[in-house]
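S.K.: Here you go, this is entry-v1.cif (mmCIF, C-alpha atoms and all ligand atoms).
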```
data_structure
loop_
_atom_site.group_PDB
_atom_site.id
_atom_site.type_symbol
_atom_site.label_atom_id
_atom_site.label_comp_id
_atom_site.auth_asym_id
_atom_site.auth_seq_id
_atom_site.Cartn_x
_atom_site.Cartn_y
_atom_site.Cartn_z
ATOM 1 C CA MET A 1303 87.076 -86.435 16.601
ATOM 2 C CA ASN A 1304 86.142 -90.038 17.081
ATOM 3 C CA ILE A 1305 84.670 -90.280 20.602
ATOM 4 C CA ASP A 1306 85.403 -93.957 21.228
ATOM 5 C CA GLY A 1307 88.072 -94.380 23.924
ATOM 6 C CA MET A 1308 88.539 -90.625 24.457
ATOM 7 C CA PRO A 1309 88.859 -89.152 27.974
ATOM 8 C CA ALA A 1310 85.966 -86.749 28.568
ATOM 9 C CA ILE A 1311 85.110 -84.402 31.442
ATOM 10 C CA VAL A 1312 81.513 -83.268 31.956
ATOM 11 C CA THR A 1313 80.517 -80.706 34.595
ATOM 12 C CA GLY A 1314 77.035 -80.540 36.064
ATOM 13 C CA ALA A 1315 76.947 -84.262 35.281
ATOM 14 C CA ALA A 1316 74.681 -85.225 38.180
ATOM 15 C CA SER A 1317 71.595 -83.738 36.550
ATOM 16 C CA GLY A 1318 69.812 -82.589 33.408
ATOM 17 C CA LEU A 1319 71.872 -81.655 30.351
ATOM 18 C CA GLY A 1320 75.194 -82.661 31.936
ATOM 19 C CA GLU A 1321 73.840 -86.058 32.935
ATOM 20 C CA GLY A 1322 72.402 -86.594 29.437
ATOM 21 C CA THR A 1323 75.769 -85.647 27.937
ATOM 22 C CA ALA A 1324 77.734 -87.943 30.244
ATOM 23 C CA ARG A 1325 75.428 -90.812 29.292
ATOM 24 C CA ALA A 1326 75.674 -90.087 25.544
ATOM 25 C CA LEU A 1327 79.483 -89.801 25.587
ATOM 26 C CA ALA A 1328 79.792 -93.022 27.610
ATOM 27 C CA ALA A 1329 77.474 -94.788 25.133
ATOM 28 C CA LYS A 1330 79.857 -93.681 22.366
ATOM 29 C CA GLY A 1331 82.771 -95.277 24.231
ATOM 30 C CA ALA A 1332 84.278 -92.200 25.959
ATOM 31 C CA LYS A 1333 86.002 -92.570 29.335
ATOM 32 C CA VAL A 1334 83.874 -90.094 31.250
ATOM 33 C CA THR A 1335 84.770 -88.119 34.385
ATOM 34 C CA LEU A 1336 81.686 -86.604 35.982
ATOM 35 C CA LEU A 1337 81.991 -83.421 38.049
ATOM 36 C CA ASP A 1338 79.266 -81.933 40.219
ATOM 37 C CA MET A 1339 78.570 -80.633 43.711
ATOM 38 C CA ASN A 1340 75.630 -82.999 44.171
ATOM 39 C CA GLY A 1341 77.541 -86.027 45.487
ATOM 40 C CA ASP A 1342 74.817 -88.678 45.893
ATOM 41 C CA ARG A 1343 73.336 -88.274 42.461
ATOM 42 C CA LEU A 1344 76.834 -87.959 40.953
ATOM 43 C CA GLU A 1345 77.882 -91.355 42.348
ATOM 44 C CA GLN A 1346 74.676 -92.922 41.060
ATOM 45 C CA VAL A 1347 74.998 -91.624 37.466
ATOM 46 C CA ALA A 1348 78.728 -92.455 37.372
ATOM 47 C CA ALA A 1349 78.068 -96.010 38.566
ATOM 48 C CA GLU A 1350 75.399 -96.473 35.883
ATOM 49 C CA ILE A 1351 77.724 -95.462 33.047
ATOM 50 C CA GLY A 1352 81.031 -96.760 34.431
ATOM 51 C CA GLY A 1353 82.387 -93.215 34.817
ATOM 52 C CA LEU A 1354 84.637 -91.542 37.371
ATOM 53 C CA PRO A 1355 82.720 -89.278 39.803
ATOM 54 C CA ILE A 1356 84.563 -86.306 41.323
ATOM 55 C CA LEU A 1357 82.963 -83.886 43.739
ATOM 56 C CA CYS A 1358 83.960 -80.445 42.458
ATOM 57 C CA ASP A 1359 82.818 -76.853 42.736
ATOM 58 C CA VAL A 1360 83.612 -75.448 39.287
ATOM 59 C CA THR A 1361 84.065 -71.950 40.726
ATOM 60 C CA ASP A 1362 86.976 -73.099 42.895
ATOM 61 C CA ALA A 1363 90.418 -73.008 41.240
ATOM 62 C CA THR A 1364 91.954 -75.707 43.448
ATOM 63 C CA ASP A 1365 88.915 -78.023 43.316
ATOM 64 C CA ALA A 1366 88.955 -77.878 39.532
ATOM 65 C CA GLU A 1367 92.747 -78.314 39.271
ATOM 66 C CA VAL A 1368 92.574 -81.393 41.490
ATOM 67 C CA ALA A 1369 89.647 -82.794 39.487
ATOM 68 C CA VAL A 1370 91.346 -82.359 36.090
ATOM 69 C CA ALA A 1371 94.583 -83.886 37.473
ATOM 70 C CA LYS A 1372 92.661 -86.873 38.894
ATOM 71 C CA ALA A 1373 90.822 -87.388 35.585
ATOM 72 C CA HIS A 1374 94.180 -87.215 33.762
ATOM 73 C CA GLU A 1375 95.698 -89.804 36.114
ATOM 74 C CA THR A 1376 92.789 -92.191 35.654
ATOM 75 C CA HIS A 1377 91.875 -91.771 31.968
ATOM 76 C CA GLY A 1378 94.747 -89.841 30.355
ATOM 77 C CA ALA A 1379 94.794 -86.220 29.122
ATOM 78 C CA CYS A 1380 91.347 -84.773 28.492
ATOM 79 C CA ALA A 1381 90.128 -84.803 24.862
ATOM 80 C CA ILE A 1382 86.510 -83.702 25.364
ATOM 81 C CA ALA A 1383 85.251 -81.162 27.922
ATOM 82 C CA VAL A 1384 81.589 -80.244 28.262
ATOM 83 C CA ASN A 1385 80.572 -77.519 30.700
ATOM 84 C CA CYS A 1386 76.991 -77.890 31.907
ATOM 85 C CA ALA A 1387 77.248 -76.816 35.573
ATOM 86 C CA GLY A 1388 75.007 -73.799 36.039
ATOM 87 C CA ILE A 1389 72.373 -72.047 38.117
ATOM 88 C CA ALA A 1390 69.415 -69.904 37.064
ATOM 89 C CA PRO A 1391 67.938 -67.895 39.944
ATOM 90 C CA ALA A 1392 65.667 -65.059 38.832
ATOM 91 C CA ALA A 1393 65.650 -61.561 40.355
ATOM 92 C CA LYS A 1394 64.750 -58.116 39.147
ATOM 93 C CA ILE A 1395 67.491 -55.466 39.137
ATOM 94 C CA VAL A 1396 65.150 -53.267 41.146
ATOM 95 C CA GLY A 1397 62.466 -55.405 42.748
ATOM 96 C CA ARG A 1398 59.681 -54.839 45.260
ATOM 97 C CA ASP A 1399 62.242 -54.924 48.077
ATOM 98 C CA GLY A 1400 64.694 -52.563 46.410
ATOM 99 C CA PRO A 1401 67.866 -53.104 44.378
ATOM 100 C CA MET A 1402 69.017 -56.652 43.720
ATOM 101 C CA ASP A 1403 71.529 -58.020 46.205
ATOM 102 C CA LEU A 1404 74.970 -57.567 44.624
ATOM 103 C CA ASP A 1405 76.210 -60.925 45.931
ATOM 104 C CA ALA A 1406 73.276 -62.666 44.235
ATOM 105 C CA PHE A 1407 74.372 -61.159 40.898
ATOM 106 C CA ARG A 1408 77.994 -62.079 41.624
ATOM 107 C CA ARG A 1409 77.080 -65.703 42.437
ATOM 108 C CA VAL A 1410 75.413 -66.267 39.036
ATOM 109 C CA ILE A 1411 78.425 -64.805 37.196
ATOM 110 C CA GLU A 1412 80.713 -66.866 39.426
ATOM 111 C CA VAL A 1413 79.077 -70.224 38.645
ATOM 112 C CA ASN A 1414 77.944 -69.780 35.034
ATOM 113 C CA LEU A 1415 80.748 -67.651 33.594
ATOM 114 C CA ILE A 1416 83.792 -67.942 35.866
ATOM 115 C CA GLY A 1417 83.094 -71.646 36.521
ATOM 116 C CA THR A 1418 82.962 -72.260 32.766
ATOM 117 C CA PHE A 1419 86.156 -70.259 32.233
ATOM 118 C CA ASN A 1420 87.885 -72.089 35.095
ATOM 119 C CA MET A 1421 87.177 -75.465 33.468
ATOM 120 C CA LEU A 1422 87.982 -74.132 29.981
ATOM 121 C CA ARG A 1423 91.458 -72.939 31.012
ATOM 122 C CA LEU A 1424 92.327 -76.181 32.832
ATOM 123 C CA THR A 1425 90.929 -78.671 30.318
ATOM 124 C CA ALA A 1426 92.428 -76.795 27.342
ATOM 125 C CA ALA A 1427 95.862 -76.849 29.024
ATOM 126 C CA ASP A 1428 95.463 -80.596 29.631
ATOM 127 C CA MET A 1429 94.334 -81.155 26.013
ATOM 128 C CA ALA A 1430 97.478 -79.401 24.747
ATOM 129 C CA THR A 1431 99.547 -82.269 26.207
ATOM 130 C CA ARG A 1432 97.828 -84.862 23.960
ATOM 131 C CA GLU A 1433 99.289 -86.254 20.763
ATOM 132 C CA PRO A 1434 97.322 -84.726 17.856
ATOM 133 C CA ASN A 1435 95.185 -87.008 15.643
ATOM 134 C CA GLU A 1436 95.633 -87.223 11.852
ATOM 135 C CA ASP A 1437 93.749 -83.901 11.501
ATOM 136 C CA GLY A 1438 96.040 -82.140 14.008
ATOM 137 C CA GLU A 1439 93.224 -82.190 16.544
ATOM 138 C CA ARG A 1440 93.864 -82.535 20.279
ATOM 139 C CA GLY A 1441 90.588 -81.672 21.926
ATOM 140 C CA VAL A 1442 87.105 -80.160 21.883
ATOM 141 C CA VAL A 1443 85.363 -77.973 24.464
ATOM 142 C CA VAL A 1444 81.598 -77.434 24.448
ATOM 143 C CA ASN A 1445 80.214 -74.734 26.753
ATOM 144 C CA THR A 1446 76.573 -74.224 27.656
ATOM 145 C CA ALA A 1447 75.139 -70.769 27.058
ATOM 146 C CA SER A 1448 71.383 -70.057 26.801
ATOM 147 C CA ILE A 1449 69.077 -68.180 24.460
ATOM 148 C CA ALA A 1450 68.818 -65.759 27.416
ATOM 149 C CA ALA A 1451 72.221 -64.523 26.213
ATOM 150 C CA PHE A 1452 70.340 -62.991 23.244
ATOM 151 C CA GLU A 1453 66.852 -62.306 24.588
ATOM 152 C CA GLY A 1454 67.025 -62.305 28.356
ATOM 153 C CA GLN A 1455 63.699 -61.773 30.071
ATOM 154 C CA ILE A 1456 62.852 -59.458 32.943
ATOM 155 C CA GLY A 1457 64.402 -61.032 36.042
ATOM 156 C CA GLN A 1458 67.208 -62.641 34.031
ATOM 157 C CA ALA A 1459 69.773 -59.802 34.109
ATOM 158 C CA ALA A 1460 72.389 -61.836 35.985
ATOM 159 C CA TYR A 1461 71.676 -65.069 34.105
ATOM 160 C CA ALA A 1462 71.635 -63.361 30.692
ATOM 161 C CA ALA A 1463 74.861 -61.484 31.506
ATOM 162 C CA SER A 1464 76.575 -64.732 32.563
ATOM 163 C CA LYS A 1465 75.460 -66.553 29.417
ATOM 164 C CA GLY A 1466 76.366 -63.583 27.204
ATOM 165 C CA GLY A 1467 79.855 -63.973 28.667
ATOM 166 C CA VAL A 1468 79.909 -67.665 27.732
ATOM 167 C CA VAL A 1469 78.928 -66.810 24.140
ATOM 168 C CA GLY A 1470 81.539 -64.036 24.051
ATOM 169 C CA LEU A 1471 84.458 -66.213 25.030
ATOM 170 C CA THR A 1472 83.761 -68.868 22.387
ATOM 171 C CA LEU A 1473 85.501 -67.178 19.444
ATOM 172 C CA PRO A 1474 88.584 -65.768 21.223
ATOM 173 C CA ALA A 1475 89.138 -69.160 22.866
ATOM 174 C CA ALA A 1476 88.761 -70.999 19.533
ATOM 175 C CA ARG A 1477 91.171 -68.534 17.903
ATOM 176 C CA GLU A 1478 93.733 -68.849 20.701
ATOM 177 C CA PHE A 1479 93.625 -72.666 20.766
ATOM 178 C CA ALA A 1480 93.760 -73.064 16.968
ATOM 179 C CA ARG A 1481 97.513 -73.365 17.396
ATOM 180 C CA THR A 1482 97.120 -76.446 19.602
ATOM 181 C CA GLY A 1483 94.264 -78.070 17.664
ATOM 182 C CA VAL A 1484 91.667 -77.523 20.375
ATOM 183 C CA ARG A 1485 88.179 -76.474 19.214
ATOM 184 C CA VAL A 1486 85.692 -74.486 21.296
ATOM 185 C CA ASN A 1487 81.947 -74.307 20.644
ATOM 186 C CA ALA A 1488 78.871 -73.364 22.638
ATOM 187 C CA ILE A 1489 75.241 -74.434 22.658
ATOM 188 C CA ALA A 1490 72.465 -71.986 23.516
ATOM 189 C CA PRO A 1491 69.539 -74.145 24.662
ATOM 190 C CA GLY A 1492 65.977 -72.852 24.735
ATOM 191 C CA LEU A 1493 63.706 -74.749 27.151
ATOM 192 C CA PHE A 1494 64.812 -78.197 28.249
ATOM 193 C CA GLY A 1495 63.012 -80.627 30.556
ATOM 194 C CA THR A 1496 65.546 -80.815 33.382
ATOM 195 C CA PRO A 1497 65.147 -80.309 37.148
ATOM 196 C CA MET A 1498 65.932 -76.616 36.471
ATOM 197 C CA LEU A 1499 62.555 -76.276 34.652
ATOM 198 C CA LEU A 1500 60.633 -79.322 35.869
ATOM 199 C CA GLY A 1501 60.864 -77.887 39.406
ATOM 200 C CA MET A 1502 58.493 -75.089 38.340
ATOM 201 C CA SER A 1503 54.711 -75.373 38.818
ATOM 202 C CA GLN A 1504 52.712 -77.141 36.078
ATOM 203 C CA GLU A 1505 51.033 -73.809 35.306
ATOM 204 C CA VAL A 1506 54.391 -72.122 34.651
ATOM 205 C CA GLN A 1507 55.581 -75.125 32.628
ATOM 206 C CA ASP A 1508 52.415 -75.056 30.464
ATOM 207 C CA SER A 1509 52.780 -71.342 29.905
ATOM 208 C CA LEU A 1510 56.431 -71.834 28.904
ATOM 209 C CA THR A 1511 55.732 -74.664 26.439
ATOM 210 C CA SER A 1512 52.893 -72.672 24.855
ATOM 211 C CA THR A 1513 55.507 -70.123 23.720
ATOM 212 C CA LEU A 1514 57.433 -72.734 21.699
ATOM 213 C CA PRO A 1515 56.732 -72.643 17.919
ATOM 214 C CA PHE A 1516 57.700 -76.255 17.141
ATOM 215 C CA PRO A 1517 57.997 -78.753 18.666
ATOM 216 C CA GLN A 1518 55.743 -77.455 21.436
ATOM 217 C CA ARG A 1519 57.439 -79.356 24.244
ATOM 218 C CA PHE A 1520 60.583 -79.056 26.326
ATOM 219 C CA GLY A 1521 63.754 -80.357 24.694
ATOM 220 C CA LYS A 1522 65.134 -83.584 26.105
ATOM 221 C CA PRO A 1523 68.643 -83.899 27.614
ATOM 222 C CA GLU A 1524 69.435 -86.517 24.954
ATOM 223 C CA GLU A 1525 68.619 -83.956 22.224
ATOM 224 C CA TYR A 1526 71.093 -81.540 23.775
ATOM 225 C CA ALA A 1527 73.635 -84.381 24.085
ATOM 226 C CA ALA A 1528 73.139 -85.269 20.400
ATOM 227 C CA LEU A 1529 74.381 -81.787 19.460
ATOM 228 C CA VAL A 1530 77.371 -82.129 21.806
ATOM 229 C CA VAL A 1531 78.226 -85.426 20.096
ATOM 230 C CA HIS A 1532 77.949 -83.750 16.689
ATOM 231 C CA MET A 1533 80.158 -80.838 17.778
ATOM 232 C CA VAL A 1534 82.790 -83.300 18.954
ATOM 233 C CA GLU A 1535 82.622 -85.451 15.830
ATOM 234 C CA ASN A 1536 82.506 -82.636 13.243
ATOM 235 C CA THR A 1537 86.043 -81.263 13.026
ATOM 236 C CA VAL A 1538 85.196 -78.113 11.031
ATOM 237 C CA MET A 1539 82.703 -76.923 13.634
ATOM 238 C CA ASN A 1540 84.685 -74.388 15.635
ATOM 239 C CA GLY A 1541 84.189 -71.011 17.323
ATOM 240 C CA GLU A 1542 80.398 -71.233 16.981
ATOM 241 C CA CYS A 1543 77.428 -70.879 19.320
ATOM 242 C CA VAL A 1544 74.407 -72.870 18.093
ATOM 243 C CA ARG A 1545 70.849 -72.212 19.268
ATOM 244 C CA LEU A 1546 68.841 -75.334 20.120
ATOM 245 C CA ASP A 1547 65.450 -73.865 20.836
ATOM 246 C CA SER A 1548 62.431 -75.015 18.741
ATOM 247 C CA ALA A 1549 62.516 -71.539 17.050
ATOM 248 C CA LEU A 1550 61.717 -69.852 20.377
ATOM 249 C CA ARG A 1551 62.422 -66.111 20.643
ATOM 250 C CA MET A 1552 61.728 -65.160 24.244
ATOM 251 C CA GLN A 1553 59.533 -62.155 25.028
ATOM 252 C CA PRO A 1554 60.255 -59.597 27.793
ATOM 253 C CA ARG A 1555 58.293 -61.691 30.333
HETATM 254 N N1 LIG B 1 67.137 -76.513 31.246
HETATM 255 C C1 LIG B 1 67.056 -75.507 30.405
HETATM 256 O O1 LIG B 1 66.001 -75.209 29.857
HETATM 257 C C2 LIG B 1 68.279 -74.694 30.062
HETATM 258 C C3 LIG B 1 68.150 -73.707 29.092
HETATM 259 C C4 LIG B 1 69.248 -72.931 28.755
HETATM 260 C C5 LIG B 1 70.458 -73.164 29.359
HETATM 261 N N2 LIG B 1 70.564 -74.130 30.310
HETATM 262 C C6 LIG B 1 71.872 -74.313 30.938
HETATM 263 O O2 LIG B 1 72.242 -75.664 30.853
HETATM 264 C C7 LIG B 1 73.115 -75.995 31.934
HETATM 265 C C8 LIG B 1 72.572 -77.249 32.616
HETATM 266 O O3 LIG B 1 71.305 -76.951 33.154
HETATM 267 P P1 LIG B 1 70.240 -78.062 33.545
HETATM 268 O O4 LIG B 1 68.964 -77.632 33.010
HETATM 269 O O5 LIG B 1 70.776 -79.398 33.218
HETATM 270 O O6 LIG B 1 70.206 -77.816 35.138
HETATM 271 P P2 LIG B 1 70.262 -78.812 36.367
HETATM 272 O O7 LIG B 1 69.943 -77.981 37.546
HETATM 273 O O8 LIG B 1 69.470 -80.031 36.087
HETATM 274 O O9 LIG B 1 71.810 -79.252 36.414
HETATM 275 C C9 LIG B 1 72.822 -78.366 36.745
HETATM 276 C C10 LIG B 1 73.880 -79.137 37.541
HETATM 277 O O10 LIG B 1 74.967 -78.245 37.814
HETATM 278 C C11 LIG B 1 75.426 -78.511 39.132
HETATM 279 N N3 LIG B 1 76.125 -77.342 39.659
HETATM 280 C C12 LIG B 1 75.604 -76.129 40.014
HETATM 281 N N4 LIG B 1 76.570 -75.337 40.478
HETATM 282 C C13 LIG B 1 77.733 -76.039 40.438
HETATM 283 C C14 LIG B 1 79.069 -75.751 40.785
HETATM 284 N N5 LIG B 1 79.417 -74.572 41.312
HETATM 285 N N6 LIG B 1 80.004 -76.725 40.628
HETATM 286 C C15 LIG B 1 79.679 -77.929 40.109
HETATM 287 N N7 LIG B 1 78.414 -78.260 39.760
HETATM 288 C C16 LIG B 1 77.454 -77.326 39.918
HETATM 289 C C17 LIG B 1 74.168 -78.826 39.921
HETATM 290 O O11 LIG B 1 74.479 -79.562 41.115
HETATM 291 C C18 LIG B 1 73.379 -79.652 38.905
HETATM 292 O O12 LIG B 1 73.649 -81.040 39.036
HETATM 293 C C19 LIG B 1 73.146 -74.752 32.840
HETATM 294 O O13 LIG B 1 74.302 -74.013 32.548
HETATM 295 C C20 LIG B 1 71.918 -73.988 32.410
HETATM 296 O O14 LIG B 1 72.055 -72.609 32.632
HETATM 297 C C21 LIG B 1 69.508 -74.905 30.683
#
```
Render the structure in this file as structure tokens.

M.R.:
Amino acid sequence: MNIDGMPAIVTGAASGLGEGTARALAAKGAKVTLLDMNGDRLEQVAAEIGGLPILCDVTDATDAEVAVAKAHETHGACAIAVNCAGIAPAAKIVGRDGPMDLDAFRRVIEVNLIGTFNMLRLTAADMATREPNEDGERGVVVNTASIAAFEGQIGQAAYAASKGGVVGLTLPAAREFARTGVRVNAIAPGLFGTPMLLGMSQEVQDSLTSTLPFPQRFGKPEEYAALVVHMVENTVMNGECVRLDSALRMQPR
């Protein structure tokens, strides 16, 4: 799909990978709607790229319905949806203070998996209302998984389970939407230099980068965004989860 002029919705767009994606899609000429819960930063990024900022909790059905409807009203039916909203708190299943709080587990699944599904269902329905292009294509969804879906570390049970869910829904969604010409792909990033990781101590960051085969540095949001752009532009890429991880295979801790 040619990105120029296409309505795009990016979640988690106030920071990190979502922000990088919103910027890259806008640079390619997309009409970008930015969703996030972090209002101040959202307004700032949207103003810089001429996008439409909408405060939205992706876990909330009504919030997301209103946001997709508002984006549709302003830019037309969604053609590109990129789900980057996510959280990554760490906790052992049985820690020093006993079993993990069940609501803490639930919250991670709620944001990373149910939030992604919530946006997938609404944007795909909106995409189905578009006129198809010459290839029969109406839209593209890119979800954000993590390599933790495949080799989750100790303390990542909730996060790995949520991202495993994101990987798992890629193929059934792509199969279901084949009829309407909507593609669904996922990216499983390794270690990227976003507030999620840059908030950790320098010691932890150094220890993390030392585990990367090559290149031995955090990925940049624009490198993640470059793969999103490719997934949107390459029409035969469908139903796939691609690792973007400097050949990293995470160890138990
Ligand atoms: N940074 C990495 O190394 C890395 C690696 C693998 C996967 N990921 C995944 O990439 C995605 C983006 O992460 P990032 O590194 O850019 O993190 P980040 O913290 O910089 O950005 C995440 C954004 O999501 C927003 N958000 C959180 N909960 C939300 C909700 N309920 N509704 C709407 N917005 C919400 C936050 O406000 C924030 O702006 C996440 O899904 C994360 O799990 C990141």

S.K.: Evaluated on this file, the PyMOL selection byres (((not hetatm)) within 6 of (chain B and resi 1)) picks out some residues - which ones are they, written as a ChimeraX atom specification?

M.R.: /A:1314-1320,1338-1340,1358-1361,1386-1390,1413,1446-1448,1491-1499

S.K.: Taking all atoms listed in the file into account, name the residue in A:Ala1527, A:Leu1514, A:Val1384, A:Ile1449 that is nearest to Lys1330 of chain A.

M.R.: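 Closest to Lys1330 of chain A, using all atoms listed in the file: A:Ala1527.
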
S.K.: Exactly which residues make up the result of the PyMOL selection byres (((chain A and resi 1429) around 6) and not hetatm) on this file, given as a list in words?

M.R.: Ala1379, Cys1380, Ala1381, Ala1426, Ala1427, Asp1428, Ala1430, Thr1431, Arg1432, Arg1440 and Gly1441 of chain A

S.K.: Between A:Leu1337, A:Ala1549, A:Ile1489, A:Val1534, which one has atoms that come closest to Pro1515 of chain A, using all atoms listed in the file?

M.R.: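 Under the stated criterion, the closest residue is A:Ala1549.
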
S.K.: Given the file shown, determine the residues that the PyMOL selection byres (((chain A and resi 1333) around 6) and not hetatm) selects; report them as a list in words.

M.R.: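 Checked against the file, the PyMOL selection byres (((chain A and resi 1333) around 6) and not hetatm) matches Met1308, Pro1309, Ala1310, Ala1332 and Val1334 of chain A.
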
S.K.: Can you spit out the residues from that selection as a tab-separated table (two decimals), keeping the file's coordinate frame, using C-alpha atoms?

M.R.:
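This went into selection-v6.tsv:
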```
chain	number	residue	atom	x	y	z
A	1308	MET	CA	88.54	-90.62	24.46
A	1309	PRO	CA	88.86	-89.15	27.97
A	1310	ALA	CA	85.97	-86.75	28.57
A	1332	ALA	CA	84.28	-92.20	25.96
A	1334	VAL	CA	83.87	-90.09	31.25
```

S.K.: Would you compute the distance between atom CA of Ile1411 of chain A and atom CA of Val1531 of chain A? Give it in Å to one decimal.

M.R.: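 So the two atoms, atom CA of Ile1411 of chain A and atom CA of Val1531 of chain A, lie 26.8 Å apart.
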
S.K.: So, counting only C-alpha atoms, which residue among A:Ile1382, A:Leu1546, A:Thr1364, A:Glu1453 is closest to Ile1305 of chain A?

M.R.: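 Selected residue with least distance to Ile1305 of chain A: A:Ile1382.
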
S.K.: Excluding Leu1336 of chain A and residues on its chain fewer than 3 positions from it, collect all residues at most 6 Å away from it, counting only C-alpha atoms, and give them as a list in words.

M.R.: Val1312, Ala1315, Leu1354 and Pro1355 of chain A

S.K.: Closest to Val1468 of chain A among A:Asp1399, A:Lys1394, A:Gln1553, A:Asn1487, using only C-alpha atoms?

M.R.: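 Distance minimum relative to Val1468 of chain A lands on A:Asn1487.
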
S.K.: How far is it from atom CA of Asn1445 of chain A to atom CA of Gly1322 of chain A, in Å with one decimal?

M.R.: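 About the pair atom CA of Asn1445 of chain A and atom CA of Gly1322 of chain A: they are 14.5 Å apart.
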
S.K.: Looking at A:Leu1415, A:Leu1344, A:Leu1424, A:Val1442, which one is nearest to Gly1483 of chain A, with distances taken over all atoms listed in the file?

M.R.: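 Answer, going by the shortest atom-to-atom distance: A:Val1442.
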
S.K.: Where atoms are absent from segment 1341-1353 of chain A, fill them in so it carries N, CA, C and O atoms, then output it as a PDB file, in the frame of the given file.

M.R.:
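Result went into part36.pdb, see below:
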```pdb
ATOM      1  N   GLY A1341      76.805 -84.779  45.357  1.00  0.00           N
ATOM      2  CA  GLY A1341      77.541 -86.027  45.487  1.00  0.00           C
ATOM      3  C   GLY A1341      76.752 -87.306  45.300  1.00  0.00           C
ATOM      4  O   GLY A1341      77.187 -88.199  44.570  1.00  0.00           O
ATOM      5  N   ASP A1342      75.573 -87.414  45.934  1.00  0.00           N
ATOM      6  CA  ASP A1342      74.817 -88.678  45.893  1.00  0.00           C
ATOM      7  C   ASP A1342      74.425 -89.034  44.473  1.00  0.00           C
ATOM      8  O   ASP A1342      74.648 -90.139  43.986  1.00  0.00           O
ATOM      9  N   ARG A1343      73.825 -88.060  43.828  1.00  0.00           N
ATOM     10  CA  ARG A1343      73.336 -88.274  42.461  1.00  0.00           C
ATOM     11  C   ARG A1343      74.521 -88.508  41.499  1.00  0.00           C
ATOM     12  O   ARG A1343      74.434 -89.299  40.561  1.00  0.00           O
ATOM     13  N   LEU A1344      75.627 -87.825  41.776  1.00  0.00           N
ATOM     14  CA  LEU A1344      76.834 -87.959  40.953  1.00  0.00           C
ATOM     15  C   LEU A1344      77.337 -89.399  40.978  1.00  0.00           C
ATOM     16  O   LEU A1344      77.620 -89.993  39.927  1.00  0.00           O
ATOM     17  N   GLU A1345      77.422 -89.964  42.182  1.00  0.00           N
ATOM     18  CA  GLU A1345      77.882 -91.355  42.348  1.00  0.00           C
ATOM     19  C   GLU A1345      76.958 -92.301  41.578  1.00  0.00           C
ATOM     20  O   GLU A1345      77.418 -93.226  40.921  1.00  0.00           O
ATOM     21  N   GLN A1346      75.675 -92.041  41.686  1.00  0.00           N
ATOM     22  CA  GLN A1346      74.676 -92.922  41.060  1.00  0.00           C
ATOM     23  C   GLN A1346      74.817 -92.922  39.535  1.00  0.00           C
ATOM     24  O   GLN A1346      74.887 -93.973  38.912  1.00  0.00           O
ATOM     25  N   VAL A1347      74.880 -91.718  38.932  1.00  0.00           N
ATOM     26  CA  VAL A1347      74.998 -91.624  37.466  1.00  0.00           C
ATOM     27  C   VAL A1347      76.323 -92.243  37.015  1.00  0.00           C
ATOM     28  O   VAL A1347      76.377 -93.013  36.048  1.00  0.00           O
ATOM     29  N   ALA A1348      77.410 -91.930  37.744  1.00  0.00           N
ATOM     30  CA  ALA A1348      78.728 -92.455  37.372  1.00  0.00           C
ATOM     31  C   ALA A1348      78.730 -93.982  37.407  1.00  0.00           C
ATOM     32  O   ALA A1348      79.273 -94.633  36.510  1.00  0.00           O
ATOM     33  N   ALA A1349      78.103 -94.545  38.447  1.00  0.00           N
ATOM     34  CA  ALA A1349      78.068 -96.010  38.566  1.00  0.00           C
ATOM     35  C   ALA A1349      77.308 -96.605  37.383  1.00  0.00           C
ATOM     36  O   ALA A1349      77.703 -97.634  36.829  1.00  0.00           O
ATOM     37  N   GLU A1350      76.217 -95.942  36.985  1.00  0.00           N
ATOM     38  CA  GLU A1350      75.399 -96.473  35.883  1.00  0.00           C
ATOM     39  C   GLU A1350      76.135 -96.484  34.548  1.00  0.00           C
ATOM     40  O   GLU A1350      75.871 -97.321  33.696  1.00  0.00           O
ATOM     41  N   ILE A1351      77.054 -95.541  34.359  1.00  0.00           N
ATOM     42  CA  ILE A1351      77.724 -95.462  33.047  1.00  0.00           C
ATOM     43  C   ILE A1351      79.206 -95.870  33.123  1.00  0.00           C
ATOM     44  O   ILE A1351      79.935 -95.724  32.150  1.00  0.00           O
ATOM     45  N   GLY A1352      79.634 -96.343  34.287  1.00  0.00           N
ATOM     46  CA  GLY A1352      81.031 -96.760  34.431  1.00  0.00           C
ATOM     47  C   GLY A1352      81.993 -95.588  34.368  1.00  0.00           C
ATOM     48  O   GLY A1352      83.119 -95.720  33.893  1.00  0.00           O
ATOM     49  N   GLY A1353      81.539 -94.414  34.848  1.00  0.00           N
ATOM     50  CA  GLY A1353      82.387 -93.215  34.817  1.00  0.00           C
ATOM     51  C   GLY A1353      83.075 -92.968  36.148  1.00  0.00           C
ATOM     52  O   GLY A1353      82.871 -93.692  37.122  1.00  0.00           O
TER      53      GLY A1353
END
```
